[in-house]
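S.K.: The structure's right below; bear with me while I get my questions together.
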Amino acid sequence: MTDRTITLSADGTQLVCESRHRNLLEVFEHHKVDVEYQCREGYCGSCRMRLVSGAVEYSEKPLAFIAQGDVLPCCCLPVGDIEVEF
């Protein structure tokens with residue numbers, strides 16, 4: 001798998017998602033981007049964010065409801081380059 005670029009729509013920051021990353025949340029943590037999440041405390045859905053462009057795939061079926069255009073970074077990876085808003 002090749003590296004993918006994640007663009008943060010608020011300021012245009014670009015992050016690299018490497019093949020070693022297991023999910024988008026791990027990418028954000030690696031780059032020290034402050035993302036709200038509580039999945040490690042048992043609450044699913046708090047990391048929800050808007051996918052502006054691109055596509056993701058889920059490694060497992062999310063427990064939380066996902067509205068059209070939203071993603072849960074704790075359990076997905078980009079298919080190619082993406083842009084997100086949170």
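The way I read the labels, and the way they are meant: chains A, B, ... in the order of the structure tokens, residue 1 as the first residue of every chain, and ligand 1 as the first ligand shown, with later ones counted on from there.
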Can you pull out the residues contacting Phe28 in chain A? Cut-off 9 Å, using only C-alpha atoms, and skip same-chain residues under 4 positions away; I want them as a list in words.
M.R.: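 Once the nearby chain positions are removed, what remains is Leu15, Cys17, Leu24, Lys32, Val33, Asp34, Val35 and Pro73 of chain A.
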S.K.: What would the file look like if the residues just selected were written as a PDB file, in the first residue's frame with N, CA, C and O atoms?
M.R.:
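Result file follows (part-v2.pdb):
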ATOM      1  N   LEU A  15      -1.209  15.654   6.030  1.00  0.00           N
ATOM      2  CA  LEU A  15      -0.614  14.591   6.828  1.00  0.00           C
ATOM      3  C   LEU A  15      -0.384  13.387   5.934  1.00  0.00           C
ATOM      4  O   LEU A  15      -1.161  13.142   5.014  1.00  0.00           O
ATOM      5  N   CYS A  17      -0.430   9.408   5.572  1.00  0.00           N
ATOM      6  CA  CYS A  17      -0.902   8.136   6.113  1.00  0.00           C
ATOM      7  C   CYS A  17       0.011   7.057   5.534  1.00  0.00           C
ATOM      8  O   CYS A  17       0.001   6.819   4.332  1.00  0.00           O
ATOM      9  N   LEU A  24      -7.204   6.014  10.711  1.00  0.00           N
ATOM     10  CA  LEU A  24      -6.987   7.462  10.623  1.00  0.00           C
ATOM     11  C   LEU A  24      -6.677   8.082  11.978  1.00  0.00           C
ATOM     12  O   LEU A  24      -5.883   9.013  12.075  1.00  0.00           O
ATOM     13  N   LYS A  32       0.331  14.410  15.885  1.00  0.00           N
ATOM     14  CA  LYS A  32      -0.018  15.271  17.021  1.00  0.00           C
ATOM     15  C   LYS A  32      -1.154  16.257  16.709  1.00  0.00           C
ATOM     16  O   LYS A  32      -1.136  17.416  17.120  1.00  0.00           O
ATOM     17  N   VAL A  33      -2.145  15.756  15.959  1.00  0.00           N
ATOM     18  CA  VAL A  33      -3.348  16.529  15.655  1.00  0.00           C
ATOM     19  C   VAL A  33      -4.374  16.204  16.738  1.00  0.00           C
ATOM     20  O   VAL A  33      -4.662  15.036  17.004  1.00  0.00           O
ATOM     21  N   ASP A  34      -4.912  17.224  17.381  1.00  0.00           N
ATOM     22  CA  ASP A  34      -5.861  17.045  18.478  1.00  0.00           C
ATOM     23  C   ASP A  34      -7.240  16.682  17.925  1.00  0.00           C
ATOM     24  O   ASP A  34      -7.900  17.504  17.294  1.00  0.00           O
ATOM     25  N   VAL A  35      -7.641  15.437  18.152  1.00  0.00           N
ATOM     26  CA  VAL A  35      -8.931  14.932  17.686  1.00  0.00           C
ATOM     27  C   VAL A  35      -9.722  14.438  18.891  1.00  0.00           C
ATOM     28  O   VAL A  35      -9.186  13.726  19.737  1.00  0.00           O
ATOM     29  N   PRO A  73     -12.825   7.927  12.167  1.00  0.00           N
ATOM     30  CA  PRO A  73     -11.408   7.679  11.922  1.00  0.00           C
ATOM     31  C   PRO A  73     -10.807   6.552  12.765  1.00  0.00           C
ATOM     32  O   PRO A  73      -9.754   6.029  12.417  1.00  0.00           O
TER      33      PRO A  73
END
S.K.: Within 7 Å of Thr7 in chain A, counting only C-alpha atoms, which residues show up once you throw out same-chain ones fewer than 3 positions away? Write them as a ChimeraX atom specification, please.
M.R.: /A:12-15,82-84
S.K.: So how far away is CA of Val71 in chain A from CA of Gln38 in chain A, in Å?
M.R.: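 So the two atoms, CA of Gln38 in chain A and CA of Val71 in chain A, lie 15.0 Å apart.
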S.K.: DSSP on the backbone: which residues in chain A end up as helix (DSSP H, G or I)? Give the answer as a ChimeraX atom specification.
M.R.: /A:24-30,39-41,73-75
S.K.: Give me the residues within 8 Å of range 76-81 of chain A as a list in words, counting only C-alpha atoms and dropping any in the same chain fewer than 4 places off.
M.R.: Arg4, Thr5, Ile6, Thr7, Arg22, Asn23, Leu24, Gly54, Ala55, Val56, Glu57, Tyr58, Ser59, Glu60, Val71 and Leu72 of chain A
S.K.: Take the residues from that selection and write them out as a compact mmCIF listing (two decimals), in the first residue's frame, keeping all heavy atoms.
M.R.:
# COMPACT_ATOMS: atom_id res chain seq x y z
N ARG A 4 -0.72 7.76 1.59
CA ARG A 4 -1.83 8.60 1.16
C ARG A 4 -1.75 9.92 1.91
O ARG A 4 -1.22 9.98 3.01
CB ARG A 4 -3.17 7.92 1.46
CG ARG A 4 -3.43 6.76 0.51
CD ARG A 4 -3.81 5.48 1.20
NE ARG A 4 -2.83 5.13 2.21
CZ ARG A 4 -3.04 4.23 3.15
NH1 ARG A 4 -4.16 3.59 3.20
NH2 ARG A 4 -2.14 3.94 4.05
N THR A 5 -2.31 10.96 1.33
CA THR A 5 -2.30 12.29 1.94
C THR A 5 -3.67 12.61 2.51
O THR A 5 -4.68 12.44 1.83
CB THR A 5 -1.91 13.37 0.91
OG1 THR A 5 -0.62 13.05 0.39
CG2 THR A 5 -1.88 14.75 1.53
N ILE A 6 -3.68 13.07 3.76
CA ILE A 6 -4.91 13.53 4.41
C ILE A 6 -4.79 15.04 4.55
O ILE A 6 -3.86 15.53 5.19
CB ILE A 6 -5.12 12.88 5.79
CG1 ILE A 6 -5.35 11.38 5.65
CG2 ILE A 6 -6.31 13.51 6.50
CD1 ILE A 6 -4.17 10.58 5.99
N THR A 7 -5.70 15.78 3.96
CA THR A 7 -5.70 17.23 4.04
C THR A 7 -6.76 17.66 5.05
O THR A 7 -7.90 17.18 5.00
CB THR A 7 -6.01 17.87 2.67
OG1 THR A 7 -5.02 17.42 1.73
CG2 THR A 7 -5.98 19.39 2.74
N ARG A 22 -2.78 1.86 11.25
CA ARG A 22 -3.92 0.93 11.24
C ARG A 22 -5.26 1.63 11.02
O ARG A 22 -6.25 1.00 10.67
CB ARG A 22 -3.97 0.13 12.53
CG ARG A 22 -2.77 -0.79 12.70
CD ARG A 22 -2.77 -1.47 14.01
NE ARG A 22 -2.70 -0.43 15.06
CZ ARG A 22 -2.78 -0.65 16.34
NH1 ARG A 22 -2.96 -1.86 16.79
NH2 ARG A 22 -2.69 0.34 17.21
N ASN A 23 -5.32 2.95 11.29
CA ASN A 23 -6.56 3.71 11.09
C ASN A 23 -6.22 5.20 11.07
O ASN A 23 -5.10 5.61 11.38
CB ASN A 23 -7.60 3.38 12.17
CG ASN A 23 -7.05 3.57 13.57
OD1 ASN A 23 -6.57 4.64 13.92
ND2 ASN A 23 -7.12 2.53 14.39
N LEU A 24 -7.20 6.01 10.71
CA LEU A 24 -6.99 7.46 10.62
C LEU A 24 -6.68 8.08 11.98
O LEU A 24 -5.88 9.01 12.07
CB LEU A 24 -8.22 8.15 10.03
CG LEU A 24 -8.33 8.19 8.52
CD1 LEU A 24 -9.65 8.82 8.10
CD2 LEU A 24 -7.17 8.92 7.90
N GLY A 54 -12.76 12.30 -1.35
CA GLY A 54 -12.06 11.02 -1.29
C GLY A 54 -12.95 9.93 -0.72
O GLY A 54 -14.15 10.12 -0.55
N ALA A 55 -12.34 8.80 -0.43
CA ALA A 55 -13.09 7.65 0.10
C ALA A 55 -12.26 6.92 1.14
O ALA A 55 -11.03 6.97 1.12
CB ALA A 55 -13.44 6.70 -1.05
N VAL A 56 -12.97 6.26 2.05
CA VAL A 56 -12.31 5.45 3.08
C VAL A 56 -12.91 4.05 3.04
O VAL A 56 -13.98 3.83 2.49
CB VAL A 56 -12.49 6.05 4.50
CG1 VAL A 56 -11.89 7.43 4.59
CG2 VAL A 56 -13.96 6.06 4.91
N GLU A 57 -12.18 3.12 3.66
CA GLU A 57 -12.73 1.78 3.86
C GLU A 57 -12.57 1.42 5.32
O GLU A 57 -11.61 1.84 5.97
CB GLU A 57 -12.08 0.75 2.94
CG GLU A 57 -10.61 0.59 3.10
CD GLU A 57 -10.02 -0.38 2.08
OE1 GLU A 57 -10.66 -0.70 1.07
OE2 GLU A 57 -8.88 -0.81 2.32
N TYR A 58 -13.53 0.68 5.83
CA TYR A 58 -13.56 0.31 7.25
C TYR A 58 -12.95 -1.06 7.46
O TYR A 58 -13.24 -2.00 6.72
CB TYR A 58 -14.99 0.35 7.77
CG TYR A 58 -15.48 1.77 7.94
CD1 TYR A 58 -16.07 2.45 6.89
CD2 TYR A 58 -15.28 2.44 9.13
CE1 TYR A 58 -16.47 3.77 7.03
CE2 TYR A 58 -15.68 3.76 9.29
CZ TYR A 58 -16.27 4.41 8.24
OH TYR A 58 -16.65 5.71 8.37
N SER A 59 -12.12 -1.17 8.49
CA SER A 59 -11.51 -2.45 8.84
C SER A 59 -12.50 -3.33 9.58
O SER A 59 -12.36 -4.55 9.59
CB SER A 59 -10.26 -2.22 9.70
OG SER A 59 -10.59 -1.49 10.86
N GLU A 60 -13.48 -2.72 10.21
CA GLU A 60 -14.55 -3.44 10.90
C GLU A 60 -15.79 -2.57 10.88
O GLU A 60 -15.72 -1.36 10.71
CB GLU A 60 -14.14 -3.76 12.33
CG GLU A 60 -13.75 -2.53 13.14
CD GLU A 60 -13.11 -2.90 14.45
OE1 GLU A 60 -11.95 -3.33 14.44
OE2 GLU A 60 -13.78 -2.75 15.47
N VAL A 71 -17.32 10.10 8.62
CA VAL A 71 -16.46 8.93 8.82
C VAL A 71 -16.09 8.82 10.29
O VAL A 71 -16.12 9.82 11.02
CB VAL A 71 -15.18 8.97 7.96
CG1 VAL A 71 -15.51 8.94 6.48
CG2 VAL A 71 -14.32 10.17 8.30
N LEU A 72 -15.74 7.62 10.70
CA LEU A 72 -15.21 7.38 12.04
C LEU A 72 -13.74 7.01 11.88
O LEU A 72 -13.42 5.88 11.48
CB LEU A 72 -15.98 6.26 12.74
CG LEU A 72 -17.44 6.54 13.06
CD1 LEU A 72 -18.09 5.31 13.68
CD2 LEU A 72 -17.57 7.74 13.97
